[in-house]
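*Asks:* Structure supplied as entry02.pdb; contents: PDB, C-alpha atoms.
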```pdb
ATOM      1  CA  MET A 665      -3.204 -15.347   6.239
ATOM      2  CA  ILE A 666      -4.616 -11.839   6.569
ATOM      3  CA  GLU A 667      -2.320  -8.832   6.479
ATOM      4  CA  VAL A 668      -2.968  -5.252   7.636
ATOM      5  CA  ARG A 669      -0.705  -2.805   5.845
ATOM      6  CA  ALA A 670      -0.512   0.497   4.014
ATOM      7  CA  ALA A 671      -2.426   0.496   0.754
ATOM      8  CA  ARG A 672      -0.282   0.451  -2.353
ATOM      9  CA  PRO A 673      -1.088   2.975  -5.097
ATOM     10  CA  GLU A 674      -2.201   0.198  -7.431
ATOM     11  CA  GLU A 675      -4.733  -0.956  -4.798
ATOM     12  CA  PHE A 676      -6.685   2.291  -4.644
ATOM     13  CA  GLU A 677      -9.145   1.044  -7.266
ATOM     14  CA  ALA A 678      -9.932  -1.929  -4.993
ATOM     15  CA  VAL A 679     -10.288   0.475  -2.050
ATOM     16  CA  ALA A 680     -12.632   2.635  -4.125
ATOM     17  CA  ALA A 681     -14.718  -0.429  -5.003
ATOM     18  CA  LEU A 682     -15.029  -1.180  -1.268
ATOM     19  CA  ARG A 683     -16.146   2.393  -0.614
ATOM     20  CA  TRP A 684     -18.798   2.043  -3.321
ATOM     21  CA  ARG A 685     -19.877  -1.310  -1.883
ATOM     22  CA  TRP A 686     -20.184   0.168   1.611
ATOM     23  CA  VAL A 687     -22.378   3.052   0.444
ATOM     24  CA  ALA A 688     -24.526   0.725  -1.687
ATOM     25  CA  GLU A 689     -24.862  -1.703   1.236
ATOM     26  CA  ARG A 690     -25.980   1.065   3.571
ATOM     27  CA  ASP A 691     -28.094   3.276   1.278
ATOM     28  CA  GLY A 692     -28.519   1.366  -1.975
ATOM     29  CA  PRO A 693     -26.622   2.129  -5.165
ATOM     30  CA  PRO A 694     -26.164   5.893  -5.610
ATOM     31  CA  PRO A 695     -28.625   6.999  -8.300
ATOM     32  CA  GLY A 696     -27.131   8.728 -11.310
ATOM     33  CA  VAL A 697     -23.526   7.973 -10.332
ATOM     34  CA  ASP A 698     -21.427   5.754 -12.577
ATOM     35  CA  ARG A 699     -19.545   3.154 -10.517
ATOM     36  CA  GLY A 700     -16.588   2.954 -12.915
ATOM     37  CA  ARG A 701     -16.130   6.715 -12.940
ATOM     38  CA  PHE A 702     -16.354   6.839  -9.143
ATOM     39  CA  VAL A 703     -13.699   4.118  -8.793
ATOM     40  CA  ARG A 704     -11.324   5.905 -11.178
ATOM     41  CA  GLU A 705     -11.811   9.329  -9.576
ATOM     42  CA  PHE A 706     -11.579   7.962  -6.033
ATOM     43  CA  ALA A 707      -8.278   6.263  -6.890
ATOM     44  CA  VAL A 708      -6.906   9.565  -8.216
ATOM     45  CA  TRP A 709      -8.150  11.341  -5.071
ATOM     46  CA  ALA A 710      -6.539   8.724  -2.805
ATOM     47  CA  ARG A 711      -3.190   9.086  -4.567
ATOM     48  CA  GLU A 712      -3.359  12.892  -4.401
ATOM     49  CA  HIS A 713      -4.270  12.850  -0.687
ATOM     50  CA  ALA A 714      -1.963  10.035   0.427
ATOM     51  CA  THR A 715      -0.099  12.264   2.889
ATOM     52  CA  THR A 716      -3.214  13.616   4.621
ATOM     53  CA  HIS A 717      -5.406  10.493   4.357
ATOM     54  CA  ARG A 718      -3.345   7.399   5.110
ATOM     55  CA  CYS A 719      -5.067   4.242   3.963
ATOM     56  CA  LEU A 720      -4.578   0.814   5.501
ATOM     57  CA  VAL A 721      -5.962  -2.310   3.889
ATOM     58  CA  LEU A 722      -6.812  -5.846   4.962
ATOM     59  CA  VAL A 723      -5.434  -8.278   2.408
ATOM     60  CA  ARG A 724      -6.277 -11.985   2.208
ATOM     61  CA  GLU A 725      -4.662 -14.104  -0.506
ATOM     62  CA  GLY A 726      -3.859 -10.982  -2.530
ATOM     63  CA  ALA A 727      -7.401  -9.572  -2.367
ATOM     64  CA  VAL A 728      -8.266  -6.339  -0.555
ATOM     65  CA  ILE A 729     -11.136  -7.252   1.803
ATOM     66  CA  GLY A 730     -11.101  -4.234   4.104
ATOM     67  CA  MET A 731      -9.923  -0.658   4.407
ATOM     68  CA  GLY A 732      -9.599   2.234   6.801
ATOM     69  CA  PHE A 733      -8.241   5.756   6.622
ATOM     70  CA  LEU A 734      -6.486   7.990   9.126
ATOM     71  CA  ALA A 735      -7.160  11.608   8.142
ATOM     72  CA  ILE A 736      -4.432  13.840   9.534
ATOM     73  CA  THR A 737      -5.143  17.494  10.246
ATOM     74  CA  PRO A 738      -2.640  20.148  11.362
ATOM     75  CA  ARG A 739      -3.590  21.864  14.615
ATOM     76  CA  VAL A 740      -2.985  25.422  15.733
ATOM     77  CA  PRO A 741       0.462  25.703  17.358
ATOM     78  CA  ALA A 742       0.783  25.832  21.138
ATOM     79  CA  PRO A 743       3.637  27.430  23.084
ATOM     80  CA  GLN A 744       5.013  23.940  23.796
ATOM     81  CA  SER A 745       4.800  22.734  20.201
ATOM     82  CA  PHE A 746       4.386  24.293  16.791
ATOM     83  CA  SER A 747       4.009  20.920  15.108
ATOM     84  CA  ARG A 748       0.678  19.484  16.242
ATOM     85  CA  THR A 749      -1.724  17.175  14.463
ATOM     86  CA  SER A 750      -4.946  15.377  15.167
ATOM     87  CA  GLY A 751      -6.303  12.327  13.423
ATOM     88  CA  ASP A 752      -9.707  11.045  12.473
ATOM     89  CA  VAL A 753     -10.431   7.402  11.725
ATOM     90  CA  GLN A 754     -12.580   7.269   8.607
ATOM     91  CA  CYS A 755     -14.191   4.675   6.371
ATOM     92  CA  VAL A 756     -13.314   1.506   8.245
ATOM     93  CA  TYR A 757     -14.984  -1.232   6.243
ATOM     94  CA  VAL A 758     -14.693  -5.002   6.035
ATOM     95  CA  VAL A 759     -16.579  -7.012   3.418
ATOM     96  CA  PRO A 760     -19.647  -8.690   4.960
ATOM     97  CA  GLU A 761     -18.371 -12.223   4.361
ATOM     98  CA  ALA A 762     -15.276 -11.500   6.522
ATOM     99  CA  ARG A 763     -17.011  -9.715   9.407
ATOM    100  CA  ASP A 764     -17.290 -10.783  13.047
ATOM    101  CA  ALA A 765     -13.776 -12.200  13.094
ATOM    102  CA  GLY A 766     -12.024  -9.189  14.668
ATOM    103  CA  LEU A 767     -10.732  -7.829  11.379
ATOM    104  CA  GLY A 768     -12.282  -4.382  11.825
ATOM    105  CA  GLY A 769     -10.513  -4.244  15.183
ATOM    106  CA  ARG A 770      -7.231  -5.117  13.501
ATOM    107  CA  LEU A 771      -7.747  -2.198  11.131
ATOM    108  CA  ILE A 772      -8.578   0.137  14.018
ATOM    109  CA  ASP A 773      -5.452  -1.000  15.889
ATOM    110  CA  GLY A 774      -3.356  -0.471  12.774
ATOM    111  CA  LEU A 775      -4.712   3.047  12.322
ATOM    112  CA  LEU A 776      -4.039   3.851  15.984
ATOM    113  CA  GLU A 777      -0.488   2.487  15.698
ATOM    114  CA  LEU A 778       0.016   4.683  12.648
ATOM    115  CA  ALA A 779      -1.244   7.686  14.629
ATOM    116  CA  VAL A 780       1.342   6.973  17.334
ATOM    117  CA  GLU A 781       4.111   6.632  14.721
ATOM    118  CA  LEU A 782       3.112   9.997  13.246
ATOM    119  CA  GLY A 783       2.975  11.742  16.629
ATOM    120  CA  VAL A 784      -0.732  12.533  16.392
ATOM    121  CA  GLU A 785      -2.079  14.138  19.592
ATOM    122  CA  ARG A 786      -5.592  12.729  19.539
ATOM    123  CA  VAL A 787      -7.699  10.547  17.316
ATOM    124  CA  THR A 788     -11.445  10.800  16.838
ATOM    125  CA  VAL A 789     -13.907   8.559  15.070
ATOM    126  CA  HIS A 790     -17.452   9.117  13.827
ATOM    127  CA  SER A 791     -18.736   5.575  14.089
ATOM    128  CA  SER A 792     -21.693   3.742  12.692
ATOM    129  CA  SER A 793     -23.957   2.324  15.374
ATOM    130  CA  ARG A 794     -22.745  -1.174  14.448
ATOM    131  CA  ALA A 795     -19.097  -0.241  15.116
ATOM    132  CA  VAL A 796     -19.436   1.719  18.383
ATOM    133  CA  ARG A 797     -18.611  -1.285  20.564
ATOM    134  CA  ALA A 798     -15.605  -2.191  18.421
ATOM    135  CA  CYS A 799     -14.286   1.363  18.728
ATOM    136  CA  GLU A 800     -14.782   1.274  22.491
ATOM    137  CA  ARG A 801     -12.931  -2.062  22.726
ATOM    138  CA  HIS A 802      -9.982  -0.366  21.049
ATOM    139  CA  GLY A 803      -9.807   2.586  23.413
ATOM    140  CA  PHE A 804     -12.249   5.158  22.079
ATOM    141  CA  ALA A 805     -14.558   6.773  24.641
ATOM    142  CA  VAL A 806     -17.314   9.345  24.580
ATOM    143  CA  SER A 807     -16.001  12.814  25.403
ATOM    144  CA  PRO A 808     -18.243  15.537  26.798
ATOM    145  CA  LEU A 809     -15.809  18.065  25.323
ATOM    146  CA  LEU A 810     -16.088  16.900  21.732
ATOM    147  CA  LEU A 811     -19.136  18.420  20.084
ATOM    148  CA  GLN A 812     -20.297  18.284  16.511
ATOM    149  CA  LYS A 813     -22.820  19.965  14.276
ATOM    150  CA  VAL A 814     -24.033  18.444  11.057
ATOM    151  CA  VAL A 815     -24.023  21.042   8.293
ATOM    152  CA  LEU A 816     -25.660  20.820   4.914
ATOM    153  CA  PHE A 817     -23.827  18.443   2.637
ATOM    154  CA  ARG A 818     -23.953  19.075  -1.086
ATOM    155  CA  PRO A 819     -22.231  16.412  -3.153
ATOM    156  CA  ARG A 820     -20.136  17.714  -6.025
ATOM    157  CA  ARG A 821     -20.566  16.073  -9.397
TER     158      ARG A 821
END
```
As structure tokens, how would this structure be written, given the file I've shared?

*Replies:*
Amino acid sequence: MIEVRAARPEEFEAVAALRWRWVAERDGPPPGVDRGRFVREFAVWAREHATTHRCLVLVREGAVIGMGFLAITPRVPAPQSFSRTSGDVQCVYVVPEARDAGLGGRLIDGLLELAVELGVERVTVHSSSRAVRACERHGFAVSPLLLQKVVLFRPRR
């Protein structure tokens, strides 16, 4: 049986290992970055940001085999509501050996259900080309009003 649920604090190391695996799968192992240190620091970060970055995991037989985050951002108040938020689906990942069975879609659905529970106004996603169709199957659509600009990224060490 596979379960989609909120990540437990003690599972953040497993989530961090999935994040490392995803980056290594896509770009190769990050040069000059210690995997163990990354896992430890990511787990601390996830615990410290648990209210703004809600993590869901896919669990099979006690093992974390997938993850996804809903980043929650406060929005500027409107006359109708001072309490507004938007969400962004981030880092949806399923281990390669469990792909193509609808599990990524289950994570996306879980993140969208969480957004509804939290009263989020809108949810965006910056998808990989592989996941565009999955996102579309779960209700995401291209918006001519949502623009983006890539700015210089400088990793902190």

*Asks:* Can you tell me which residues surround Gln812 in chain A at a distance of at most 12 Å, considering only C-alpha atoms, apart from same-chain residues fewer than 2 positions away, and format the answer as a PyMOL selection string?

*Replies:* chain A and resi 788-790+807-810+814-815

*Asks:* Counting all atoms listed in the file, which residues in range 677-759 of chain A sit no more than 12 Å from range 771-787 of chain A? For each one, give the nearest pair of atoms and the distance in Å, sorted by chain then residue number, as a Markdown table.

*Replies:*
```
| residue | atom | partner | partner_atom | distance |
| --- | --- | --- | --- | --- |
| A:Thr715 | CA | A:Leu782 | CA | 11.1 |
| A:Thr716 | CA | A:Leu782 | CA | 11.3 |
| A:His717 | CA | A:Leu775 | CA | 10.9 |
| A:Arg718 | CA | A:Leu775 | CA | 8.5 |
| A:Cys719 | CA | A:Leu775 | CA | 8.5 |
| A:Leu720 | CA | A:Leu771 | CA | 7.1 |
| A:Val721 | CA | A:Leu771 | CA | 7.5 |
| A:Leu722 | CA | A:Leu771 | CA | 7.2 |
| A:Val723 | CA | A:Leu771 | CA | 10.9 |
| A:Ile729 | CA | A:Leu771 | CA | 11.1 |
| A:Gly730 | CA | A:Leu771 | CA | 8.0 |
| A:Met731 | CA | A:Leu771 | CA | 7.2 |
| A:Gly732 | CA | A:Leu771 | CA | 6.5 |
| A:Phe733 | CA | A:Leu775 | CA | 7.2 |
| A:Leu734 | CA | A:Leu775 | CA | 6.1 |
| A:Ala735 | CA | A:Val787 | CA | 9.3 |
| A:Ile736 | CA | A:Val784 | CA | 7.9 |
| A:Thr737 | CA | A:Val784 | CA | 9.0 |
| A:Pro738 | CA | A:Val784 | CA | 9.3 |
| A:Arg739 | CA | A:Glu785 | CA | 9.3 |
| A:Val740 | CA | A:Glu785 | CA | 12.0 |
| A:Ser745 | CA | A:Glu785 | CA | 11.0 |
| A:Ser747 | CA | A:Gly783 | CA | 9.4 |
| A:Arg748 | CA | A:Glu785 | CA | 6.9 |
| A:Thr749 | CA | A:Val784 | CA | 5.1 |
| A:Ser750 | CA | A:Arg786 | CA | 5.2 |
| A:Gly751 | CA | A:Val787 | CA | 4.5 |
| A:Asp752 | CA | A:Val787 | CA | 5.3 |
| A:Val753 | CA | A:Val787 | CA | 7.0 |
| A:Gln754 | CA | A:Leu775 | CA | 9.7 |
| A:Cys755 | CA | A:Ile772 | CA | 10.5 |
| A:Val756 | CA | A:Leu771 | CA | 7.3 |
| A:Tyr757 | CA | A:Leu771 | CA | 8.8 |
| A:Val758 | CA | A:Leu771 | CA | 9.1 |
```

*Asks:* Check which residues satisfy the PyMOL selection byres ((chain A and resi 700-707) around 10) in the file shown, then give them as a compact mmCIF listing (two decimals) with C-alpha atoms, keeping the file's coordinate frame.

*Replies:*
```txt
# COMPACT_ATOMS: atom_id res chain seq x y z
CA PRO A 673 -1.09 2.98 -5.10
CA GLU A 674 -2.20 0.20 -7.43
CA GLU A 675 -4.73 -0.96 -4.80
CA PHE A 676 -6.68 2.29 -4.64
CA GLU A 677 -9.14 1.04 -7.27
CA ALA A 678 -9.93 -1.93 -4.99
CA VAL A 679 -10.29 0.48 -2.05
CA ALA A 680 -12.63 2.64 -4.12
CA ALA A 681 -14.72 -0.43 -5.00
CA LEU A 682 -15.03 -1.18 -1.27
CA ARG A 683 -16.15 2.39 -0.61
CA TRP A 684 -18.80 2.04 -3.32
CA VAL A 697 -23.53 7.97 -10.33
CA ASP A 698 -21.43 5.75 -12.58
CA ARG A 699 -19.55 3.15 -10.52
CA VAL A 708 -6.91 9.56 -8.22
CA TRP A 709 -8.15 11.34 -5.07
CA ALA A 710 -6.54 8.72 -2.80
CA ARG A 711 -3.19 9.09 -4.57
CA GLU A 712 -3.36 12.89 -4.40
CA HIS A 713 -4.27 12.85 -0.69
```

*Asks:* When you count only C-alpha atoms, which of these residues is closest to Val728 in chain A: A:Arg797, A:Glu689, A:Arg669, A:Ala765?

*Replies:*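 Checking each candidate against Val728 in chain A, we get A:Arg669 as the closest.
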
*Asks:* Let me make sure I understand: among A:Ala742, A:Ala798, A:Ala714, A:Leu767, which one has the smallest atom-to-atom distance to Ala671 in chain A if we use only C-alpha atoms?

*Replies:*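 So, comparing all the options, the nearest one is A:Ala714.
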
*Asks:* Compile the contact shell of Glu725 in chain A as a ChimeraX atom specification: residues with an atom at most 12 Å away, counting all atoms listed in the file, same-chain residues fewer than 5 positions apart removed.

*Replies:* /A:665-667

*Asks:* Using the chain letters and numbers from the file, give me the residues hit by the PyMOL selection byres ((chain A and resi 801) around 12), as a list in words.

*Replies:*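 With the PyMOL selection byres ((chain A and resi 801) around 12) on this model, the match is Gly766, Gly768, Gly769, Arg770, Ile772, Asp773, Ala795, Val796, Arg797, Ala798, Cys799, Glu800, His802, Gly803, Phe804 and Ala805 of chain A.
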
*Asks:* Would you mind exporting the chosen residues as a PDB file, in the frame of the given file, restricted to C-alpha atoms?

*Replies:*
```pdb
ATOM      1  CA  GLY A 766     -12.024  -9.189  14.668  1.00  0.00           C
ATOM      2  CA  GLY A 768     -12.282  -4.382  11.825  1.00  0.00           C
ATOM      3  CA  GLY A 769     -10.513  -4.244  15.183  1.00  0.00           C
ATOM      4  CA  ARG A 770      -7.231  -5.117  13.501  1.00  0.00           C
ATOM      5  CA  ILE A 772      -8.578   0.137  14.018  1.00  0.00           C
ATOM      6  CA  ASP A 773      -5.452  -1.000  15.889  1.00  0.00           C
ATOM      7  CA  ALA A 795     -19.097  -0.241  15.116  1.00  0.00           C
ATOM      8  CA  VAL A 796     -19.436   1.719  18.383  1.00  0.00           C
ATOM      9  CA  ARG A 797     -18.611  -1.285  20.564  1.00  0.00           C
ATOM     10  CA  ALA A 798     -15.605  -2.191  18.421  1.00  0.00           C
ATOM     11  CA  CYS A 799     -14.286   1.363  18.728  1.00  0.00           C
ATOM     12  CA  GLU A 800     -14.782   1.274  22.491  1.00  0.00           C
ATOM     13  CA  HIS A 802      -9.982  -0.366  21.049  1.00  0.00           C
ATOM     14  CA  GLY A 803      -9.807   2.586  23.413  1.00  0.00           C
ATOM     15  CA  PHE A 804     -12.249   5.158  22.079  1.00  0.00           C
ATOM     16  CA  ALA A 805     -14.558   6.773  24.641  1.00  0.00           C
TER      17      ALA A 805
END
```

*Asks:* For CA of Pro693 in chain A and CA of Arg794 in chain A, determine how far apart the two atoms are, in Å to one decimal place.

*Replies:*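 Separation of CA of Pro693 in chain A and CA of Arg794 in chain A: 20.3 Å.
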
*Asks:* When you draw a straight line from CA of Val687 in chain A to CA of Ala762 in chain A, how long is it in Å?

*Replies:*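 Answer for the CA of Val687 in chain A to CA of Ala762 in chain A separation: 17.3 Å.
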
*Asks:* Could you work out an axis-aligned box for range 802-811 of chain A, taking every atom the file lists and adding 3 Å on each side, and report centre and edge lengths in Å to one decimal, as JSON?

*Replies:*
```
{"center_x": -14.5, "center_y": 9.0, "center_z": 23.4, "size_x": 15.3, "size_y": 24.8, "size_z": 12.7}
```

*Asks:* Rounded to one decimal, what separation in Å do you get between CA of Pro760 in chain A and CA of Arg685 in chain A?

*Replies:*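 Separating CA of Pro760 in chain A from CA of Arg685 in chain A is a distance of 10.1 Å.
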
*Asks:* Could you write range 798-809 of chain A as a PDB file, in the coordinates of the input, with all heavy atoms rebuilt where they are missing?

*Replies:*
```
ATOM      1  N   ALA A 798     -16.961  -1.872  18.878  1.00  0.00           N
ATOM      2  CA  ALA A 798     -15.605  -2.191  18.421  1.00  0.00           C
ATOM      3  C   ALA A 798     -14.666  -1.033  18.708  1.00  0.00           C
ATOM      4  O   ALA A 798     -13.542  -1.229  19.186  1.00  0.00           O
ATOM      5  CB  ALA A 798     -15.609  -2.517  16.927  1.00  0.00           C
ATOM      6  N   CYS A 799     -15.122   0.188  18.446  1.00  0.00           N
ATOM      7  CA  CYS A 799     -14.286   1.363  18.728  1.00  0.00           C
ATOM      8  C   CYS A 799     -13.991   1.463  20.222  1.00  0.00           C
ATOM      9  O   CYS A 799     -12.852   1.741  20.623  1.00  0.00           O
ATOM     10  CB  CYS A 799     -14.959   2.628  18.214  1.00  0.00           C
ATOM     11  SG  CYS A 799     -15.048   2.716  16.411  1.00  0.00           S
ATOM     12  N   GLU A 800     -14.984   1.228  21.037  1.00  0.00           N
ATOM     13  CA  GLU A 800     -14.782   1.274  22.491  1.00  0.00           C
ATOM     14  C   GLU A 800     -13.793   0.201  22.943  1.00  0.00           C
ATOM     15  O   GLU A 800     -12.943   0.458  23.799  1.00  0.00           O
ATOM     16  CB  GLU A 800     -16.121   1.114  23.214  1.00  0.00           C
ATOM     17  CG  GLU A 800     -17.019   2.325  23.067  1.00  0.00           C
ATOM     18  CD  GLU A 800     -18.413   2.133  23.646  1.00  0.00           C
ATOM     19  OE1 GLU A 800     -18.853   0.964  23.813  1.00  0.00           O
ATOM     20  OE2 GLU A 800     -19.066   3.156  23.920  1.00  0.00           O
ATOM     21  N   ARG A 801     -13.872  -0.984  22.364  1.00  0.00           N
ATOM     22  CA  ARG A 801     -12.931  -2.062  22.726  1.00  0.00           C
ATOM     23  C   ARG A 801     -11.494  -1.688  22.392  1.00  0.00           C
ATOM     24  O   ARG A 801     -10.555  -2.226  22.964  1.00  0.00           O
ATOM     25  CB  ARG A 801     -13.294  -3.360  22.010  1.00  0.00           C
ATOM     26  CG  ARG A 801     -14.434  -4.117  22.632  1.00  0.00           C
ATOM     27  CD  ARG A 801     -14.550  -5.542  22.095  1.00  0.00           C
ATOM     28  NE  ARG A 801     -14.664  -5.621  20.651  1.00  0.00           N
ATOM     29  CZ  ARG A 801     -15.812  -5.584  19.973  1.00  0.00           C
ATOM     30  NH1 ARG A 801     -16.960  -5.469  20.613  1.00  0.00           N
ATOM     31  NH2 ARG A 801     -15.818  -5.679  18.658  1.00  0.00           N
ATOM     32  N   HIS A 802     -11.325  -0.760  21.476  1.00  0.00           N
ATOM     33  CA  HIS A 802      -9.982  -0.366  21.049  1.00  0.00           C
ATOM     34  C   HIS A 802      -9.579   1.010  21.587  1.00  0.00           C
ATOM     35  O   HIS A 802      -8.689   1.654  21.046  1.00  0.00           O
ATOM     36  CB  HIS A 802      -9.883  -0.452  19.525  1.00  0.00           C
ATOM     37  CG  HIS A 802     -10.013  -1.864  19.058  1.00  0.00           C
ATOM     38  ND1 HIS A 802      -8.952  -2.726  18.979  1.00  0.00           N
ATOM     39  CD2 HIS A 802     -11.107  -2.598  18.735  1.00  0.00           C
ATOM     40  CE1 HIS A 802      -9.374  -3.917  18.601  1.00  0.00           C
ATOM     41  NE2 HIS A 802     -10.688  -3.858  18.450  1.00  0.00           N
ATOM     42  N   GLY A 803     -10.256   1.421  22.671  1.00  0.00           N
ATOM     43  CA  GLY A 803      -9.807   2.586  23.413  1.00  0.00           C
ATOM     44  C   GLY A 803     -10.557   3.879  23.197  1.00  0.00           C
ATOM     45  O   GLY A 803     -10.279   4.869  23.880  1.00  0.00           O
ATOM     46  N   PHE A 804     -11.481   3.928  22.279  1.00  0.00           N
ATOM     47  CA  PHE A 804     -12.249   5.158  22.079  1.00  0.00           C
ATOM     48  C   PHE A 804     -13.297   5.281  23.182  1.00  0.00           C
ATOM     49  O   PHE A 804     -13.837   4.280  23.647  1.00  0.00           O
ATOM     50  CB  PHE A 804     -12.946   5.162  20.710  1.00  0.00           C
ATOM     51  CG  PHE A 804     -12.000   5.404  19.570  1.00  0.00           C
ATOM     52  CD1 PHE A 804     -11.412   4.336  18.916  1.00  0.00           C
ATOM     53  CD2 PHE A 804     -11.703   6.688  19.163  1.00  0.00           C
ATOM     54  CE1 PHE A 804     -10.535   4.545  17.867  1.00  0.00           C
ATOM     55  CE2 PHE A 804     -10.827   6.912  18.109  1.00  0.00           C
ATOM     56  CZ  PHE A 804     -10.244   5.837  17.464  1.00  0.00           C
ATOM     57  N   ALA A 805     -13.565   6.502  23.597  1.00  0.00           N
ATOM     58  CA  ALA A 805     -14.558   6.773  24.641  1.00  0.00           C
ATOM     59  C   ALA A 805     -15.299   8.057  24.297  1.00  0.00           C
ATOM     60  O   ALA A 805     -14.755   8.946  23.631  1.00  0.00           O
ATOM     61  CB  ALA A 805     -13.885   6.915  26.010  1.00  0.00           C
ATOM     62  N   VAL A 806     -16.521   8.135  24.769  1.00  0.00           N
ATOM     63  CA  VAL A 806     -17.314   9.345  24.580  1.00  0.00           C
ATOM     64  C   VAL A 806     -16.659  10.479  25.363  1.00  0.00           C
ATOM     65  O   VAL A 806     -16.222  10.296  26.494  1.00  0.00           O
ATOM     66  CB  VAL A 806     -18.764   9.117  25.072  1.00  0.00           C
ATOM     67  CG1 VAL A 806     -19.558  10.411  25.024  1.00  0.00           C
ATOM     68  CG2 VAL A 806     -19.430   8.042  24.230  1.00  0.00           C
ATOM     69  N   SER A 807     -16.583  11.650  24.753  1.00  0.00           N
ATOM     70  CA  SER A 807     -16.001  12.814  25.403  1.00  0.00           C
ATOM     71  C   SER A 807     -17.044  13.918  25.492  1.00  0.00           C
ATOM     72  O   SER A 807     -17.592  14.325  24.463  1.00  0.00           O
ATOM     73  CB  SER A 807     -14.801  13.332  24.619  1.00  0.00           C
ATOM     74  OG  SER A 807     -14.390  14.585  25.124  1.00  0.00           O
ATOM     75  N   PRO A 808     -17.292  14.427  26.688  1.00  0.00           N
ATOM     76  CA  PRO A 808     -18.243  15.537  26.798  1.00  0.00           C
ATOM     77  C   PRO A 808     -17.696  16.841  26.214  1.00  0.00           C
ATOM     78  O   PRO A 808     -18.436  17.800  26.042  1.00  0.00           O
ATOM     79  CB  PRO A 808     -18.476  15.657  28.307  1.00  0.00           C
ATOM     80  CG  PRO A 808     -17.252  15.072  28.923  1.00  0.00           C
ATOM     81  CD  PRO A 808     -16.763  14.008  27.982  1.00  0.00           C
ATOM     82  N   LEU A 809     -16.415  16.849  25.872  1.00  0.00           N
ATOM     83  CA  LEU A 809     -15.809  18.065  25.323  1.00  0.00           C
ATOM     84  C   LEU A 809     -15.754  18.074  23.799  1.00  0.00           C
ATOM     85  O   LEU A 809     -15.374  19.072  23.201  1.00  0.00           O
ATOM     86  CB  LEU A 809     -14.387  18.228  25.875  1.00  0.00           C
ATOM     87  CG  LEU A 809     -14.290  18.312  27.399  1.00  0.00           C
ATOM     88  CD1 LEU A 809     -12.837  18.413  27.822  1.00  0.00           C
ATOM     89  CD2 LEU A 809     -15.087  19.485  27.920  1.00  0.00           C
TER      90      LEU A 809
END
```
